[in-house]
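Colleague: Right, I'll just put the structure down here and ask away after.
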Amino acid sequence: MKSDRGDIELAGVCKSFDGVTNVVDGVNLKIADGAYCCFIGPSGCGKTTILRMIAGHEDPTAGEIVIGGQNVVGLAPVQRRTAMMFQSYALFPHLTVRDNIAFALRVRGMSKADRLRAADAMIEKVRLTQFADRLPAQLSGGQQQRVALARAAITEPRVLLLDEPLSALDEQLRVQMRQELRRMQQELGITFIHVTHTQLEAIALADLVVVMEQGRIKQAGAARDVYAHPHDRYVAEFMGGQNVLSGRVEKVNGSTFTLAQAAPDGIEVPLQARSTVSVGDKIDIAVRRDDVALVRPGRELPPGCTTLLPSRVLAIEYQGYFVKVMLDTVPDDAFVAYVPEKTFFADPFTVGDVVMATWATGSALPLA
Amino acid sequence: MSAVLADMSKTDVSKTIAPATKAIAPSKGGRPWTFYVLATLFAFYVIALYGPMFCIYVLSFQDIRGGLVFPMKGTSLHWFVDLFTQVRTGDVKGSFDRSVKLAVIVTVITVVVSFLAGLGFRKRFRGDTVVFYMMIGSLVAPGLVLGLGTGLLFQALGLNASWYTSALGAQLSWTLPFGVLVMFAVMSRFNHVWEEAAYDLGASRWQSIRLVMIPVLAPGLVAVALFGFTLSYDEFARSLQTAGSLNTLPLEIWSMTLNVTSPSLYAFGTVTTIVSFIVIGASLGSIVLIQKKRGSSTKG
């Protein structure tokens with residue numbers, strides 16, 4: 001009896017193509033049944049290789065891949081009941097939309113009438129009925145993606161694997177198709193695993209975000225956890241929205257410690273349970289860009305702010321609902337404040353202005 | 001600083017781009033002189049390419065007084081009738097028959113083997129370079145020598161040389177490398193993700209070849225077939241020592257040039273050309289048909 005559950009467990013999965021370097025290096029991960037999981041990382045981090053191993057297009061060098069309680073290593077994709085949506089969709093150019101979608105049923109030997117009926121039902125589901133007789137080349141990018149999705153979904157997989165599904169689309173369509181993916185996932189009620197290198201895509205879609213670097217998982221968790229509470233400098237910088245500062249610990253006092261920095265009195269950082277900090281340690285901290293307030297010298301600080309970093313405005317970018325202000329606060333790292341549009345234009349800065357960057361002490365986050 | 005830069009770029013534009021425009025772009029009045037030079041060159045090229053053939057075609061339509069050289073003497077289809085009725089002109093029908101049969105056999109073998117070689121060479125394998133260069137080797141080997149060798153080999157093995165054994169082998173040594181090279185070009189445009197997608201959707205190897213690869217590659221396979229057919233149909237050098245006692249068409253034409261001294265020789269040339277054109281037309285037509293079939297179902 002095959003299980004219908006689409007929960008996935010990766011246990012010590014390694015992959016090496018040349019026998020020397022591991023492209024995927026000891027990955028352990030549990031993905032719940034029916035979850036939307038995004039693997040994110042720069043190119044070459046092994047995320048696509050993991051996807052292909054789950055899909056059955058590559059075999060792991062070591063480790064186990066368990067889907068619904070069954071080790072699937074060595075099984076064909078159909079036996080695993082996984083289906084893959086390829087990066088450029090890989091629609092068969094000589095087949096119409098209907099025949100593309102019916103392909104999986106055709107190779108199973110289903111009769112022509114049955115498979116076309118099933119395909120038409122699926123075509124309706126992805127709202128392509130009027131395009132059923134077209135060839136892939138005659139479709140827009142968004143329509144092609146829907147065909148690819150329908151073609152994969154018709155196999156009734158328990159896991160759908162998507163390899164950078166939105167990268168071939170332009171910006172507006174990407175946002176639209178993103179919602180469509182999420183809608184399809186909820187409608188089908190199956191596990192989706194989605195590989196991307198776009199942070200916004202990952203946090204907008206995923207129940208579980210997996211950040212990867214060089215074949216290893218750096219952090220896996222809910223989108224909000226990964227974005228707001230990055231474990232380390234890599235995750236903070238990769239997910240964006242954070243300023244990362246480093247310095248030596250000057251003194252530890254109760255629930256906070258002080259980081260020596262360009263600030264006159266150092267930076268006060270709340271001491272979190274997980275980090276044991278002693279004087280002299282070199283440590284990274286993260287401060288969300290939208291937590292940073294900019295105050296002109298001599299003005300009163302907002303409540304709760306103890307740290308004060310004198311800075312000069314390097315550049316200003318208008319982003320619509322906020323204004324991105326780039327500062328020379330710290331010598332080596334970029335330091336950016338996202339100032340709400342209305343706040344900014346109440347008293348606009350210009351490039352070269354001297355400002356004080358500050359934030360509520362509690363919002364600074366020590367990194368591992 | 002920026003003002004200086006802007007100034008510099010302005011002078012640059014007027015100095016360098018303006019004269020360049022004068023030389024390259026056609027002036028409104030007429031074409032540059034280079035056009036006429038190149039057009040003349042091209043005209044000579046076309047004449048050199050098609051002129052000799054046209055001489056043959058034109059001279060084959062003379063009447064009974066016709067000779068082997070210009071000027072034309074009357075116009076009729078006399079020499080075409082002569083070609084198929086007179087015994088002294090040689091075994092035209094038999095040799096034509098043999099050549100077409102041989103070309104069909106060669107075509108089938110070339111398409112099948114080239115396709116399989118194309119599949120094989122998708123991935124690198126041990127000795128792939130050696131296999132490839134051996135193949136190219138038989139392409140560049142002098143045909144007459146290769147044919148001679150094939151004939152000798154058959155003799156040494158005690159086998160009778162004939163058009164469907166030794167000549168077939170000799171011709172394949174010529175058509176296979178060609179077919180494989182064309183196949184490589186065709187295969188390079190095949191996206192291997194399609195195969196992966198077919199596998200993902202549960203297709204067996206054979207299903208993925210039958211339902212995805214062959215239909216996608218069909219126009220390319222027709223091109224390989226066309227190569228195989230035409231190369232075999234007018235192959236001479238390799239067949240000369242290997243065809244045995246019964247001639248293929250090119251051999252028959254050649255022997256006719258030695259002993260037939262009438263325009264029926266030219267009529268023969270015209271007929272074989274027409275056959276070639278029919279084959280080429282049918283191949284191109286089928287490619288167009290395949291493309292049309294894909295295009296038309298979409299226009300609804």
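Every chain in the structure tokens has a letter given in the order shown (A, B, ...), and although residue numbers restart at 1 in each chain, ligands are simply numbered from 1 in the order shown.
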Please determine the contact residues of chain B with respect to chain A at a cut-off of 12 Å, counting only C-alpha atoms, and supply them as a PyMOL selection string.
Modeller: chain B and resi 190-219+290-300
Colleague: I'd like the contact shell of Leu301 (chain A) - 10 Å cut-off, only C-alpha atoms, skipping same-chain residues fewer than 4 positions apart - returned as a ChimeraX atom specification.
Modeller: /A:293-297,305-308,356-360
Colleague: Write the residues of the preceding selection, restricted to N, CA and C atoms, as an mmCIF file, in the first residue's frame.
Modeller:
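Full text of part08.cif as output:
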```cif
data_model
loop_
_atom_site.group_PDB
_atom_site.id
_atom_site.type_symbol
_atom_site.label_atom_id
_atom_site.label_comp_id
_atom_site.auth_asym_id
_atom_site.auth_seq_id
_atom_site.Cartn_x
_atom_site.Cartn_y
_atom_site.Cartn_z
ATOM 1 N N ALA A 293 15.705 54.684 12.912
ATOM 2 C CA ALA A 293 15.156 56.033 12.792
ATOM 3 C C ALA A 293 16.317 57.000 12.569
ATOM 4 N N LEU A 294 16.078 58.028 11.780
ATOM 5 C CA LEU A 294 17.115 59.025 11.534
ATOM 6 C C LEU A 294 16.702 60.343 12.187
ATOM 7 N N VAL A 295 17.623 60.888 12.964
ATOM 8 C CA VAL A 295 17.326 62.107 13.720
ATOM 9 C C VAL A 295 18.419 63.113 13.419
ATOM 10 N N ARG A 296 18.041 64.348 13.245
ATOM 11 C CA ARG A 296 19.069 65.377 13.025
ATOM 12 C C ARG A 296 19.833 65.599 14.329
ATOM 13 N N PRO A 297 21.114 65.921 14.262
ATOM 14 C CA PRO A 297 21.918 66.099 15.477
ATOM 15 C C PRO A 297 21.262 67.130 16.403
ATOM 16 N N CYS A 305 15.364 54.483 22.621
ATOM 17 C CA CYS A 305 16.598 54.461 21.828
ATOM 18 C C CYS A 305 17.762 54.900 22.696
ATOM 19 N N THR A 306 18.766 54.026 22.782
ATOM 20 C CA THR A 306 19.931 54.407 23.562
ATOM 21 C C THR A 306 21.155 54.545 22.680
ATOM 22 N N THR A 307 21.131 53.839 21.530
ATOM 23 C CA THR A 307 22.291 53.869 20.650
ATOM 24 C C THR A 307 22.163 55.029 19.678
ATOM 25 N N LEU A 308 23.289 55.666 19.418
ATOM 26 C CA LEU A 308 23.271 56.831 18.554
ATOM 27 C C LEU A 308 24.483 56.761 17.636
ATOM 28 N N MET A 356 21.741 61.297 12.809
ATOM 29 C CA MET A 356 21.990 60.295 13.831
ATOM 30 C C MET A 356 21.096 59.093 13.530
ATOM 31 N N ALA A 357 21.727 57.914 13.377
ATOM 32 C CA ALA A 357 20.942 56.693 13.185
ATOM 33 C C ALA A 357 20.704 56.083 14.554
ATOM 34 N N THR A 358 19.474 55.739 14.828
ATOM 35 C CA THR A 358 19.168 55.179 16.146
ATOM 36 C C THR A 358 18.053 54.160 16.022
ATOM 37 N N TRP A 359 17.915 53.334 17.042
ATOM 38 C CA TRP A 359 16.832 52.350 17.052
ATOM 39 C C TRP A 359 16.543 51.951 18.486
ATOM 40 N N ALA A 360 15.352 51.416 18.695
ATOM 41 C CA ALA A 360 14.984 50.963 20.035
ATOM 42 C C ALA A 360 15.910 49.821 20.422
#
```
Colleague: Would you mind reading off the distance between CA of Met53 (chain A) and CA of Val66 (chain A), one decimal, in Å?
Modeller: 11.2 Å
Colleague: Which is closer to Ala153 (chain A) than all the others in A:Arg289, A:Lys125, A:His197, A:Lys282, using only C-alpha atoms?
Modeller: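 Nearest candidate to Ala153 (chain A) out of A:Arg289, A:Lys125, A:His197, A:Lys282: A:Lys125.
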Colleague: Set the distance at 12 Å and use only C-alpha atoms: which residues neighbour Ser232 (chain B) once local chain neighbours fewer than 2 positions away are removed? I'd like the list as a PyMOL selection string.
Modeller: chain B and resi 98-110+163-164+167-176+178-179+225-230+234-239+248-250+276
Colleague: Can those selected residues be exported to a file as a CSV table (one decimal), in the first residue's frame so that it contains N, CA and C atoms?
Modeller:
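In the end it all went to result00.csv:
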```csv
chain,number,residue,atom,x,y,z
B,98,ARG,N,17.8,0.1,-60.3
B,98,ARG,CA,18.8,-0.3,-59.3
B,98,ARG,C,19.2,0.9,-58.4
B,99,SER,N,19.4,2.0,-59.1
B,99,SER,CA,19.9,3.2,-58.3
B,99,SER,C,18.8,3.7,-57.3
B,100,VAL,N,17.6,3.7,-57.7
B,100,VAL,CA,16.5,4.1,-56.8
B,100,VAL,C,16.4,3.1,-55.6
B,101,LYS,N,16.4,1.8,-56.0
B,101,LYS,CA,16.3,0.8,-54.9
B,101,LYS,C,17.5,1.0,-53.9
B,102,LEU,N,18.7,1.1,-54.5
B,102,LEU,CA,19.9,1.3,-53.7
B,102,LEU,C,19.8,2.5,-52.8
B,103,ALA,N,19.3,3.6,-53.4
B,103,ALA,CA,19.2,4.9,-52.7
B,103,ALA,C,18.3,4.8,-51.5
B,104,VAL,N,17.2,4.0,-51.8
B,104,VAL,CA,16.2,3.8,-50.7
B,104,VAL,C,16.8,3.0,-49.5
B,105,ILE,N,17.5,2.0,-49.9
B,105,ILE,CA,18.1,1.1,-48.8
B,105,ILE,C,19.1,2.0,-48.1
B,106,VAL,N,20.0,2.7,-48.8
B,106,VAL,CA,21.0,3.6,-48.2
B,106,VAL,C,20.3,4.6,-47.3
B,107,THR,N,19.2,5.2,-47.8
B,107,THR,CA,18.5,6.2,-47.0
B,107,THR,C,18.0,5.7,-45.7
B,108,VAL,N,17.3,4.5,-45.7
B,108,VAL,CA,16.8,3.9,-44.5
B,108,VAL,C,17.9,3.6,-43.5
B,109,ILE,N,19.0,3.0,-44.0
B,109,ILE,CA,20.1,2.6,-43.1
B,109,ILE,C,20.7,3.9,-42.5
B,110,THR,N,20.9,4.9,-43.4
B,110,THR,CA,21.5,6.2,-42.9
B,110,THR,C,20.7,6.9,-41.9
B,163,TRP,N,25.6,-4.5,-56.7
B,163,TRP,CA,25.2,-3.2,-56.2
B,163,TRP,C,24.6,-3.2,-54.9
B,164,TYR,N,23.9,-4.3,-54.5
B,164,TYR,CA,23.3,-4.4,-53.2
B,164,TYR,C,24.1,-4.9,-52.1
B,167,ALA,N,28.6,-2.4,-53.2
B,167,ALA,CA,28.3,-1.0,-53.5
B,167,ALA,C,27.5,-0.3,-52.4
B,168,LEU,N,26.6,-1.1,-51.8
B,168,LEU,CA,25.9,-0.6,-50.6
B,168,LEU,C,26.8,-0.2,-49.5
B,169,GLY,N,27.8,-1.1,-49.2
B,169,GLY,CA,28.7,-0.8,-48.2
B,169,GLY,C,29.6,0.4,-48.5
B,170,ALA,N,30.1,0.4,-49.7
B,170,ALA,CA,30.9,1.6,-50.1
B,170,ALA,C,30.2,2.9,-50.0
B,171,GLN,N,28.9,2.9,-50.4
B,171,GLN,CA,28.1,4.1,-50.4
B,171,GLN,C,27.8,4.5,-48.9
B,172,LEU,N,27.6,3.5,-48.1
B,172,LEU,CA,27.3,3.8,-46.7
B,172,LEU,C,28.5,4.5,-46.0
B,173,SER,N,29.7,4.1,-46.4
B,173,SER,CA,30.9,4.8,-45.9
B,173,SER,C,30.9,6.3,-46.2
B,174,TRP,N,30.1,6.7,-47.1
B,174,TRP,CA,30.1,8.0,-47.5
B,174,TRP,C,28.8,8.7,-46.9
B,175,THR,N,27.7,8.0,-46.9
B,175,THR,CA,26.5,8.7,-46.5
B,175,THR,C,26.3,8.7,-44.9
B,176,LEU,N,26.9,7.7,-44.3
B,176,LEU,CA,26.7,7.6,-42.8
B,176,LEU,C,27.4,8.8,-42.1
B,178,PHE,N,28.1,11.7,-43.3
B,178,PHE,CA,27.3,12.9,-43.6
B,178,PHE,C,26.0,12.9,-42.7
B,179,GLY,N,25.3,11.8,-42.7
B,179,GLY,CA,24.1,11.7,-41.9
B,179,GLY,C,24.3,12.0,-40.5
B,225,ALA,N,17.5,12.0,-44.3
B,225,ALA,CA,17.1,11.1,-45.4
B,225,ALA,C,17.4,11.7,-46.8
B,226,LEU,N,17.2,13.0,-46.9
B,226,LEU,CA,17.4,13.6,-48.2
B,226,LEU,C,18.9,13.5,-48.6
B,227,PHE,N,19.7,13.8,-47.6
B,227,PHE,CA,21.2,13.6,-47.8
B,227,PHE,C,21.5,12.2,-48.2
B,228,GLY,N,21.0,11.3,-47.5
B,228,GLY,CA,21.3,9.9,-47.8
B,228,GLY,C,20.9,9.5,-49.2
B,229,PHE,N,19.7,9.9,-49.6
B,229,PHE,CA,19.2,9.6,-50.9
B,229,PHE,C,20.0,10.2,-52.0
B,230,THR,N,20.2,11.5,-51.9
B,230,THR,CA,20.9,12.2,-53.1
B,230,THR,C,22.3,11.8,-53.1
B,234,ASP,N,23.5,9.7,-56.8
B,234,ASP,CA,24.5,10.2,-57.8
B,234,ASP,C,25.9,9.8,-57.4
B,235,GLU,N,26.0,8.8,-56.6
B,235,GLU,CA,27.4,8.4,-56.2
B,235,GLU,C,28.1,7.6,-57.3
B,236,PHE,N,29.3,8.0,-57.6
B,236,PHE,CA,30.0,7.4,-58.7
B,236,PHE,C,31.3,6.7,-58.3
B,237,ALA,N,32.2,7.5,-57.6
B,237,ALA,CA,33.6,7.0,-57.4
B,237,ALA,C,33.6,5.7,-56.6
B,238,ARG,N,32.8,5.7,-55.5
B,238,ARG,CA,32.8,4.5,-54.6
B,238,ARG,C,32.1,3.3,-55.3
B,239,SER,N,31.2,3.6,-56.2
B,239,SER,CA,30.4,2.5,-56.8
B,239,SER,C,31.2,1.9,-58.0
B,248,THR,N,24.9,1.0,-61.8
B,248,THR,CA,23.9,1.9,-61.2
B,248,THR,C,23.8,3.1,-62.2
B,249,LEU,N,22.9,3.9,-62.0
B,249,LEU,CA,22.6,5.0,-62.9
B,249,LEU,C,23.8,5.9,-63.3
B,250,PRO,N,24.6,6.4,-62.3
B,250,PRO,CA,25.7,7.2,-62.7
B,250,PRO,C,26.8,6.4,-63.5
B,276,SER,N,15.8,13.9,-59.4
B,276,SER,CA,16.4,14.5,-58.2
B,276,SER,C,15.5,15.6,-57.6
```
Colleague: Report the residues of region 103-252 of chain A whose backbone DSSP state falls under strand (DSSP E or B), written as a tab-separated table (two decimals) with C-alpha atoms, in the first residue's frame.
Modeller:
```
chain	number	residue	atom	x	y	z
A	159	VAL	CA	4.67	16.21	-3.97
A	160	LEU	CA	5.05	18.85	-6.67
A	161	LEU	CA	8.55	20.13	-7.29
A	162	LEU	CA	9.02	23.52	-8.90
A	163	ASP	CA	12.41	24.59	-10.23
A	191	THR	CA	3.25	19.39	-0.74
A	192	PHE	CA	4.94	21.98	-2.96
A	193	ILE	CA	8.69	22.37	-2.99
A	194	HIS	CA	9.79	25.48	-4.79
A	195	VAL	CA	13.34	26.51	-5.59
A	196	THR	CA	14.05	30.18	-6.02
A	208	LEU	CA	8.76	26.74	5.38
A	209	VAL	CA	11.72	28.73	4.09
A	210	VAL	CA	15.03	26.87	3.76
A	211	VAL	CA	18.06	29.11	3.30
A	212	MET	CA	21.05	27.33	1.77
A	213	GLU	CA	24.70	28.05	1.29
A	216	ARG	CA	24.25	23.14	3.60
A	217	ILE	CA	21.11	24.44	5.23
A	218	LYS	CA	21.84	27.69	7.03
A	219	GLN	CA	18.39	28.17	8.48
A	220	ALA	CA	14.99	26.57	8.03
A	221	GLY	CA	11.83	27.94	9.50
A	242	GLN	CA	18.69	43.90	7.83
A	243	ASN	CA	21.75	45.95	8.65
A	244	VAL	CA	24.55	43.78	9.91
A	245	LEU	CA	27.19	45.33	12.16
A	246	SER	CA	30.13	43.70	13.83
A	247	GLY	CA	32.24	44.70	16.78
A	248	ARG	CA	33.86	43.53	20.00
A	249	VAL	CA	31.91	43.06	23.17
A	250	GLU	CA	32.92	45.83	25.57
A	251	LYS	CA	30.94	44.92	28.63
A	252	VAL	CA	28.17	42.55	29.63
```
Colleague: When you look at Phe80 (chain B) with a cut-off of 8 Å (counting only C-alpha atoms), what residues show up, excluding the ones that are within fewer than 3 positions of it in the same chain? I need them as an mmCIF file with N, CA and C atoms, in the first residue's frame.
Modeller:
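Contents of the output file around-v4.cif:
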```cif
data_model
loop_
_atom_site.group_PDB
_atom_site.id
_atom_site.type_symbol
_atom_site.label_atom_id
_atom_site.label_comp_id
_atom_site.auth_asym_id
_atom_site.auth_seq_id
_atom_site.Cartn_x
_atom_site.Cartn_y
_atom_site.Cartn_z
ATOM 1 N N SER B 60 19.062 18.593 -74.973
ATOM 2 C CA SER B 60 18.332 17.323 -74.981
ATOM 3 C C SER B 60 16.988 17.446 -75.691
ATOM 4 N N LEU B 77 10.869 15.952 -78.580
ATOM 5 C CA LEU B 77 11.167 15.050 -77.476
ATOM 6 C C LEU B 77 11.779 13.754 -78.007
ATOM 7 N N LEU B 83 15.788 7.346 -75.865
ATOM 8 C CA LEU B 83 16.443 6.892 -74.630
ATOM 9 C C LEU B 83 15.793 5.624 -74.086
ATOM 10 N N PHE B 84 14.453 5.614 -74.094
ATOM 11 C CA PHE B 84 13.750 4.492 -73.487
ATOM 12 C C PHE B 84 13.429 3.365 -74.477
ATOM 13 N N SER B 264 20.592 11.661 -76.817
ATOM 14 C CA SER B 264 19.855 10.887 -75.816
ATOM 15 C C SER B 264 20.634 10.846 -74.499
ATOM 16 N N ALA B 267 19.354 13.788 -72.858
ATOM 17 C CA ALA B 267 17.991 13.525 -72.399
ATOM 18 C C ALA B 267 18.036 12.750 -71.085
ATOM 19 N N PHE B 268 18.974 11.823 -71.009
ATOM 20 C CA PHE B 268 19.189 11.051 -69.794
ATOM 21 C C PHE B 268 19.499 11.987 -68.618
#
```
Colleague: What's the 12 Å shell around region 61-72 of chain B, counting only C-alpha atoms, without same-chain residues fewer than 4 positions away, as number ranges by chain?
Modeller: B: 54-57, 76-82, 257, 260-271
Colleague: Find the residues around Cys45 (chain A) up to 9 Å (only C-alpha atoms counted), leave out those fewer than 4 positions away in its own chain, and share them as a short mmCIF file (atom, residue, chain, number, x, y, z; two decimals) with N, CA and C atoms, in the first residue's frame.
Modeller:
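Below is the file that was written, out.cif:
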```cif
data_model
loop_
_atom_site.label_atom_id
_atom_site.label_comp_id
_atom_site.auth_asym_id
_atom_site.auth_seq_id
_atom_site.Cartn_x
_atom_site.Cartn_y
_atom_site.Cartn_z
N VAL A 23 28.20 18.79 -3.49
CA VAL A 23 27.32 19.88 -3.91
C VAL A 23 26.21 20.05 -2.88
N VAL A 24 25.76 18.90 -2.37
CA VAL A 24 24.82 18.89 -1.25
C VAL A 24 25.54 18.14 -0.14
N ILE A 40 15.88 28.44 -0.84
CA ILE A 40 16.42 29.69 -1.38
C ILE A 40 17.91 29.75 -1.13
N GLY A 41 18.62 30.33 -2.07
CA GLY A 41 20.06 30.46 -1.94
C GLY A 41 20.62 30.95 -3.26
N THR A 49 19.80 20.83 -6.93
CA THR A 49 20.22 19.43 -6.82
C THR A 49 19.35 18.69 -5.81
N MET A 212 19.89 28.21 2.00
CA MET A 212 21.05 27.33 1.77
C MET A 212 22.28 28.10 1.38
N GLU A 213 23.43 27.52 1.75
CA GLU A 213 24.70 28.05 1.29
C GLU A 213 25.67 26.89 1.11
N GLN A 214 26.28 26.79 -0.03
CA GLN A 214 27.29 25.78 -0.33
C GLN A 214 26.89 24.38 0.13
N GLY A 215 25.71 23.96 -0.26
CA GLY A 215 25.29 22.60 0.00
C GLY A 215 24.78 22.33 1.40
N ARG A 216 24.73 23.35 2.23
CA ARG A 216 24.25 23.14 3.60
C ARG A 216 23.06 24.05 3.88
#
```
Colleague: Mind giving me the straight-line distance from CA of Pro270 (chain A) to CA of Thr256 (chain A) in Å, one decimal?
Modeller: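 Interatomic distance, CA of Pro270 (chain A) to CA of Thr256 (chain A): 4.2 Å.
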Colleague: Using DSSP on the backbone, list every residue of region 116-298 of chain A that comes out as helix (DSSP H, G or I), and give them as number ranges by chain.
Modeller: A: 116-125, 129-131, 136-138, 141-153, 171-188, 199-205, 223-228, 233-239, 289-291
Colleague: In terms of the shortest atom-to-atom distance over only C-alpha atoms, which of B:Pro32, B:Pro177, B:Gly281, B:Gly158 is closest to Ser114 (chain B)?
Modeller: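 Looking at the shortest contact to Ser114 (chain B), the residue is B:Pro177.
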Colleague: Could you check how far CA of Arg178 (chain A) sits from CA of Glu201 (chain A), in Å to one decimal?
Modeller: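 Interatomic distance here is 7.4 Å.
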